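Heads up: the structure comes next, in structure tokens.
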Amino acid sequence: MGTVHARSLEPLPSSGPDFGGLGEEAEFVEVEPEAKQEILENKDVVVQHVHFDGLGRTKDDIIICEIGDVFKAKNLIEVLGLKLPNLLGRAEKVTFQFSYGTKETSYGLSFFKPRPGNFERNFSVNLYKVTGQFPWSSLRETDRGMSAEYSFPIWKTSHTVKWEGVWRELGCLSRTASFAVRKESGHSLKSSLSHAMVIDSRNSSILPRRGALLKVNQELAGYTGGDVSFIKEDFELQLNKQLIFDSVFSASFWGGMLVPIGDKPSSIADRFYLGGPTSIRGFSMHSIGPQSEGDYLGGEAYWAGGLHLYTPLPFRPGQGGFGELFRTHFFLNAGNLCNLNYGEGPKAHIRKLAECIRWSYGAGIVLRLGNIARLELNYCVPMGVQTGDRICDGVQFGAGIRFL
């Protein structure tokens with residue numbers, strides 16, 4: 001049996017309404033055994049050591065691998081994540097995640113079963129409740145649903161077939177939300193079938209030096225029930241080429257289209273969004289395209305492209321060590337997001353997507369966080385700004401996994 005020993009960090013003095021200050025008087029305080037559960041759940045913790053009884057024959061490296069996430073926990077909720085590997089003896093895994101906050105509570109229960117001898121073929125079932133807040137649209141969305149998916153390889157491609165049924169609740173984040181957003185508020189039931197294909201020959205998913213990536217996604221909603229009906233297609237293409245002087249040239253192109261089925265218009269929760277440090281740099285997050293009273297409503301069609309040159313830092317500080325995680329970054333981005341009249345034909349669609357192109361250029365520094373994510377700090381010059389677009393002229397910070 002394992003016992004987790006942790007210490008609590010008492011709330012620190014606040015230096016303002018939005019940020020906490022690290023005062024010198026802050027100190028570690030032991031958690032009292034009689035403290036109330038709701039208080040313990042909100043306290044930060046530092047895991048000091050974990051003690052196990054009855055594991056005399058089990059090697060230390062196996063135990064460390066299994067409980068490694070406990071030492072990374074920042075609060076008691078994270079300490080109580082629950083994983084049951086090899087549940088039925090054939091590498092099955094059950095995972096339960098739970099998070100509690102003052103504004104929202106989310107949870108997820110998943111069951112994963114691989115095919116014996118071929119882990120690339122696997123089946124999973126998920127139950128979840130998740131709440132998201134989208135300030136660029138003054139929108140709050142709560143999803144409660146379940147999904148089942150099967151993943152399998154074919155030659156050099158990876159495929160995933162998925163069914164998802166989700167009860168969606170949309171609401172306004174503030175009283176100042178536009179009428180267009182208020183009109184979208186309410187409940188909907190989406191049942192959809194989707195297919196994803198991936199071809200990935202890159203040497204790394206974060207700042208690759210060579211190789212290519214192609215992702216194609218299709219989703220059909222309404223065929224298996226629900227009150228939401230549409231066909232949605234999107235793709236992502238990336239090419240990487242290593243050049244002289246340890247530099248890398250990269251080109252990316254994204255695109256997508258959503259076609260409503262029937263007379264009901266598309267939902268704000270299903271449309272595409274564009275803009276921000278991970279797509280068209282120099283513009284605020286998801287702040288390009290159709291909007292109403294400052295709330296961005298998304299679009300049914302979009303494209304975006306990017307050209308990048310990554311080079312080592314000038315004078316190569318920290319060469320062979322920590323400095324190798326940093327790269328100098330020069331970029332050029334362009335794209336557009338709009339709604340289409342599907343009765344006009346392909347030529348009219350191309351003309352619409354070619355109008356009012358937003359683009360930007362700039363330079364900055366990129367930090368690679370292993371194979372997990374990357375951070376960017378860029379100086380951006382936005383161009384082609386249209387009325388209603390929200391820009392970020394100058395220094396812009398971005399973090400994530402998927403970048404244009």
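The way I read the labels, and the way they are meant: chains A, B, ... in the order of the structure tokens, residue 1 as the first residue of every chain, and ligand 1 as the first ligand shown, with later ones counted on from there.
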- Once DSSP has gone over the backbone, tell me which residues of region 154-391 of chain A are in strand (DSSP E or B), as a PyMOL selection string. chain A and resi 154+157-172+186-200+211-226+230-242+248-260+272+283+291-292+295-296+299+301-311+326-338+358-369+373-383+391
- Task: Excluding Arg182 (chain A) and residues on its chain fewer than 6 positions from it, collect all residues at most 10 Å away from it, counting only C-alpha atoms, and give them as a list in words.
- Result: Ser138, Leu139, Leu170, Gly171, Cys172, Leu173, Arg175 and Thr176 of chain A
Resulting file, chosen residues, N, CA, C and O atoms, as a short mmCIF file (atom, residue, chain, number, x, y, z; two decimals), in the first residue's frame:
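part36.cif was written with the following content:
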data_model
loop_
_atom_site.label_atom_id
_atom_site.label_comp_id
_atom_site.auth_asym_id
_atom_site.auth_seq_id
_atom_site.Cartn_x
_atom_site.Cartn_y
_atom_site.Cartn_z
N SER A 138 -16.82 35.70 -26.12
CA SER A 138 -17.69 35.87 -24.95
C SER A 138 -18.55 34.64 -24.73
O SER A 138 -19.73 34.73 -24.39
N LEU A 139 -17.95 33.46 -24.93
CA LEU A 139 -18.69 32.21 -24.94
C LEU A 139 -18.16 31.26 -23.88
O LEU A 139 -16.96 31.19 -23.62
N LEU A 170 -24.19 25.89 -24.36
CA LEU A 170 -23.51 27.14 -24.66
C LEU A 170 -24.15 28.27 -23.87
O LEU A 170 -25.37 28.34 -23.73
N GLY A 171 -23.30 29.15 -23.36
CA GLY A 171 -23.76 30.30 -22.60
C GLY A 171 -22.84 31.48 -22.79
O GLY A 171 -21.77 31.36 -23.41
N CYS A 172 -23.23 32.61 -22.25
CA CYS A 172 -22.45 33.83 -22.39
C CYS A 172 -21.50 33.99 -21.21
O CYS A 172 -21.85 33.69 -20.07
N LEU A 173 -20.29 34.48 -21.50
CA LEU A 173 -19.33 34.73 -20.44
C LEU A 173 -19.63 35.99 -19.66
O LEU A 173 -19.27 36.11 -18.49
N ARG A 175 -22.30 39.82 -19.39
CA ARG A 175 -23.55 40.48 -19.75
C ARG A 175 -23.40 41.33 -21.00
O ARG A 175 -24.39 41.73 -21.60
N THR A 176 -22.17 41.62 -21.38
CA THR A 176 -21.94 42.46 -22.56
C THR A 176 -21.80 41.64 -23.84
O THR A 176 -21.45 42.18 -24.88
#
Counting only C-alpha atoms, which residues of region 181-269 of chain A fall within 12 Å of region 355-368 of chain A, and what is the closest atom pair for each with its distance in Å at one decimal, ordered by chain and rising number, as CSV?
residue,atom,partner,partner_atom,distance
A:Ser204,CA,A:Arg368,CA,10.9
A:Ser205,CA,A:Arg368,CA,10.6
A:Ile206,CA,A:Arg368,CA,6.9
A:Leu207,CA,A:Arg368,CA,7.1
A:Pro208,CA,A:Arg368,CA,10.4
Those selected residues, please, written with N, CA and C atoms and delivered as a tab-separated table (two decimals), in the first residue's frame.
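Listing of again-v5.tsv after writing:
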chain	number	residue	atom	x	y	z
A	204	SER	N	11.00	14.82	-35.56
A	204	SER	CA	10.49	15.27	-34.26
A	204	SER	C	9.21	16.05	-34.50
A	205	SER	N	8.28	15.96	-33.55
A	205	SER	CA	7.03	16.71	-33.68
A	205	SER	C	7.21	18.17	-33.25
A	206	ILE	N	8.26	18.47	-32.48
A	206	ILE	CA	8.54	19.83	-32.03
A	206	ILE	C	9.84	20.30	-32.69
A	207	LEU	N	9.76	21.35	-33.49
A	207	LEU	CA	10.90	21.90	-34.22
A	207	LEU	C	11.65	20.82	-35.01
A	208	PRO	N	10.97	20.14	-35.93
A	208	PRO	CA	11.64	19.11	-36.72
A	208	PRO	C	12.69	19.72	-37.65
- Message: Just checking: using only C-alpha atoms, which residue out of A:Asp393, A:Asp234, A:Glu219, A:Glu376 ends up closest to Tyr310 (chain A)?
- Response: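 Closest to Tyr310 (chain A), using only C-alpha atoms: A:Glu376.
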- Using only C-alpha atoms, which residues sit within 10 Å of Thr387 (chain A) once same-chain residues fewer than 5 positions away are excluded, as a list in words? Ile288, Gly289 and Gln291 of chain A
- Message: I'd like to know which residues of region 202-389 of chain A are helix (DSSP H, G or I) (by DSSP, run on the backbone); could you write them as a PyMOL selection string?
- Response: chain A and resi 244-246+322-325+346-354
Go ahead and save the picked residues with N, CA and C atoms, as a short mmCIF file (atom, residue, chain, number, x, y, z; two decimals), in the first residue's frame.
data_model
loop_
_atom_site.label_atom_id
_atom_site.label_comp_id
_atom_site.auth_asym_id
_atom_site.auth_seq_id
_atom_site.Cartn_x
_atom_site.Cartn_y
_atom_site.Cartn_z
N ILE A 244 22.29 24.61 -44.78
CA ILE A 244 23.65 24.78 -44.28
C ILE A 244 23.65 25.57 -42.98
N PHE A 245 24.76 25.52 -42.29
CA PHE A 245 24.96 26.24 -41.03
C PHE A 245 23.92 25.87 -39.98
N ASP A 246 23.48 24.61 -40.01
CA ASP A 246 22.55 24.08 -39.01
C ASP A 246 21.22 24.83 -38.99
N PHE A 322 22.57 23.55 -23.11
CA PHE A 322 21.27 24.21 -22.97
C PHE A 322 20.95 25.11 -24.15
N GLY A 323 21.98 25.70 -24.75
CA GLY A 323 21.76 26.61 -25.86
C GLY A 323 21.16 25.96 -27.08
N GLU A 324 21.27 24.62 -27.19
CA GLU A 324 20.71 23.92 -28.34
C GLU A 324 19.18 23.89 -28.31
N LEU A 325 18.59 24.22 -27.18
CA LEU A 325 17.12 24.25 -27.08
C LEU A 325 16.53 25.51 -27.69
N PRO A 346 -17.48 26.88 -56.99
CA PRO A 346 -16.09 26.90 -56.54
C PRO A 346 -15.33 28.19 -56.89
N LYS A 347 -15.56 28.74 -58.08
CA LYS A 347 -14.81 29.94 -58.47
C LYS A 347 -15.12 31.11 -57.54
N ALA A 348 -16.38 31.25 -57.18
CA ALA A 348 -16.76 32.32 -56.25
C ALA A 348 -16.17 32.08 -54.88
N HIS A 349 -16.06 30.82 -54.48
CA HIS A 349 -15.46 30.50 -53.19
C HIS A 349 -13.99 30.88 -53.16
N ILE A 350 -13.29 30.58 -54.25
CA ILE A 350 -11.86 30.91 -54.32
C ILE A 350 -11.67 32.42 -54.28
N ARG A 351 -12.53 33.17 -55.00
CA ARG A 351 -12.43 34.63 -54.96
C ARG A 351 -12.66 35.17 -53.56
N LYS A 352 -13.61 34.60 -52.85
CA LYS A 352 -13.91 35.07 -51.50
C LYS A 352 -12.74 34.81 -50.56
N LEU A 353 -12.13 33.63 -50.68
CA LEU A 353 -11.01 33.29 -49.81
C LEU A 353 -9.75 34.09 -50.17
N ALA A 354 -9.69 34.60 -51.40
CA ALA A 354 -8.53 35.38 -51.83
C ALA A 354 -8.67 36.86 -51.50
#
- If you count only C-alpha atoms, the residue of A:Lys162, A:Arg209, A:Lys264, A:Lys113 closest to Ser229 (chain A) turns out to be A:Lys264
- What is the CA of Lys190 (chain A) to CA of Ile401 (chain A) distance in Å?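 Answer for the CA of Lys190 (chain A) to CA of Ile401 (chain A) separation: 27.1 Å.
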- Looking at only C-alpha atoms, which of A:Leu337, A:Ala269, A:Val125, A:Leu213 is the one that sits closest to Arg168 (chain A)? A:Ala269
- Query: Taking only C-alpha atoms into account, which of A:Val381, A:Cys392, A:Val166, A:Val181 comes nearest Ser287 (chain A)?
  - Reply: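 Among the listed residues, A:Cys392 lies closest to Ser287 (chain A).
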- Using only C-alpha atoms, which residue out of A:Pro116, A:Lys232, A:Glu169, A:Tyr302 lies closest to Gln133 (chain A)? A:Glu169
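Comparing A:Asn240, A:Ser124, A:Thr105, A:Ser110 by their smallest distance to Leu84 (chain A), the closest is A:Ser110 (using only C-alpha atoms).
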- Message: If we count only C-alpha atoms and set the cut-off at 12 Å, which residues sit around Val161 (chain A), ignoring sequence neighbours fewer than 3 positions away in its own chain? Please answer as a PyMOL selection string.
- Response: chain A and resi 121-124+147-153+158+164+192-197+217-220
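Using only C-alpha atoms, the residues found no farther than 10 Å from Pro260 (chain A), other than those of its own chain fewer than 4 positions away, are A:Ala221, A:Val228, A:Ser229, A:Phe230, A:Ile231, A:Lys232, A:Lys264, A:Pro265, A:Ser266, A:Ser267, A:Glu300, A:Tyr342.
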Save out the residues we just selected, N, CA, C and O atoms, as a tab-separated table (two decimals), in the first residue's frame.
chain	number	residue	atom	x	y	z
A	221	ALA	N	-21.69	14.98	-39.11
A	221	ALA	CA	-22.58	15.09	-37.95
A	221	ALA	C	-24.04	15.03	-38.40
A	221	ALA	O	-24.39	15.58	-39.45
A	228	VAL	N	-27.69	18.48	-34.77
A	228	VAL	CA	-26.64	19.23	-35.45
A	228	VAL	C	-26.21	18.42	-36.66
A	228	VAL	O	-25.86	17.24	-36.53
A	229	SER	N	-26.23	19.05	-37.85
A	229	SER	CA	-25.91	18.34	-39.08
A	229	SER	C	-24.94	19.16	-39.93
A	229	SER	O	-25.22	20.32	-40.26
A	230	PHE	N	-23.82	18.55	-40.29
A	230	PHE	CA	-22.85	19.22	-41.16
A	230	PHE	C	-21.82	18.22	-41.66
A	230	PHE	O	-21.69	17.10	-41.14
A	231	ILE	N	-21.09	18.63	-42.68
A	231	ILE	CA	-19.89	17.93	-43.15
A	231	ILE	C	-18.72	18.88	-42.96
A	231	ILE	O	-18.79	20.06	-43.35
A	232	LYS	N	-17.64	18.38	-42.38
A	232	LYS	CA	-16.49	19.23	-42.07
A	232	LYS	C	-15.22	18.53	-42.54
A	232	LYS	O	-15.00	17.35	-42.24
A	264	LYS	N	-30.71	24.53	-41.11
A	264	LYS	CA	-30.18	25.09	-39.87
A	264	LYS	C	-28.74	25.57	-40.08
A	264	LYS	O	-27.90	24.84	-40.61
A	265	PRO	N	-28.43	26.82	-39.66
A	265	PRO	CA	-27.07	27.33	-39.84
A	265	PRO	C	-26.07	26.61	-38.93
A	265	PRO	O	-26.45	25.93	-37.97
A	266	SER	N	-24.80	26.75	-39.23
A	266	SER	CA	-23.76	26.12	-38.42
A	266	SER	C	-23.69	26.78	-37.05
A	266	SER	O	-24.10	27.93	-36.86
A	267	SER	N	-23.14	26.04	-36.10
A	267	SER	CA	-23.02	26.53	-34.72
A	267	SER	C	-21.67	27.21	-34.52
A	267	SER	O	-20.66	26.84	-35.13
A	300	GLU	N	-16.81	29.46	-41.78
A	300	GLU	CA	-17.05	28.12	-42.32
A	300	GLU	C	-15.97	27.68	-43.31
A	300	GLU	O	-16.01	26.54	-43.77
A	342	TYR	N	-22.71	28.65	-50.53
A	342	TYR	CA	-22.41	27.41	-51.22
A	342	TYR	C	-23.21	27.23	-52.51
A	342	TYR	O	-23.00	26.28	-53.25
- State, in Å with one decimal place, the distance from CA of Ile261 (chain A) to CA of Phe134 (chain A).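 CA of Phe134 (chain A) lies at a distance of 25.7 Å from CA of Ile261 (chain A).
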- Expressed in Å, the length from CA of Leu239 (chain A) to CA of Asn371 (chain A) is 18.1 Å
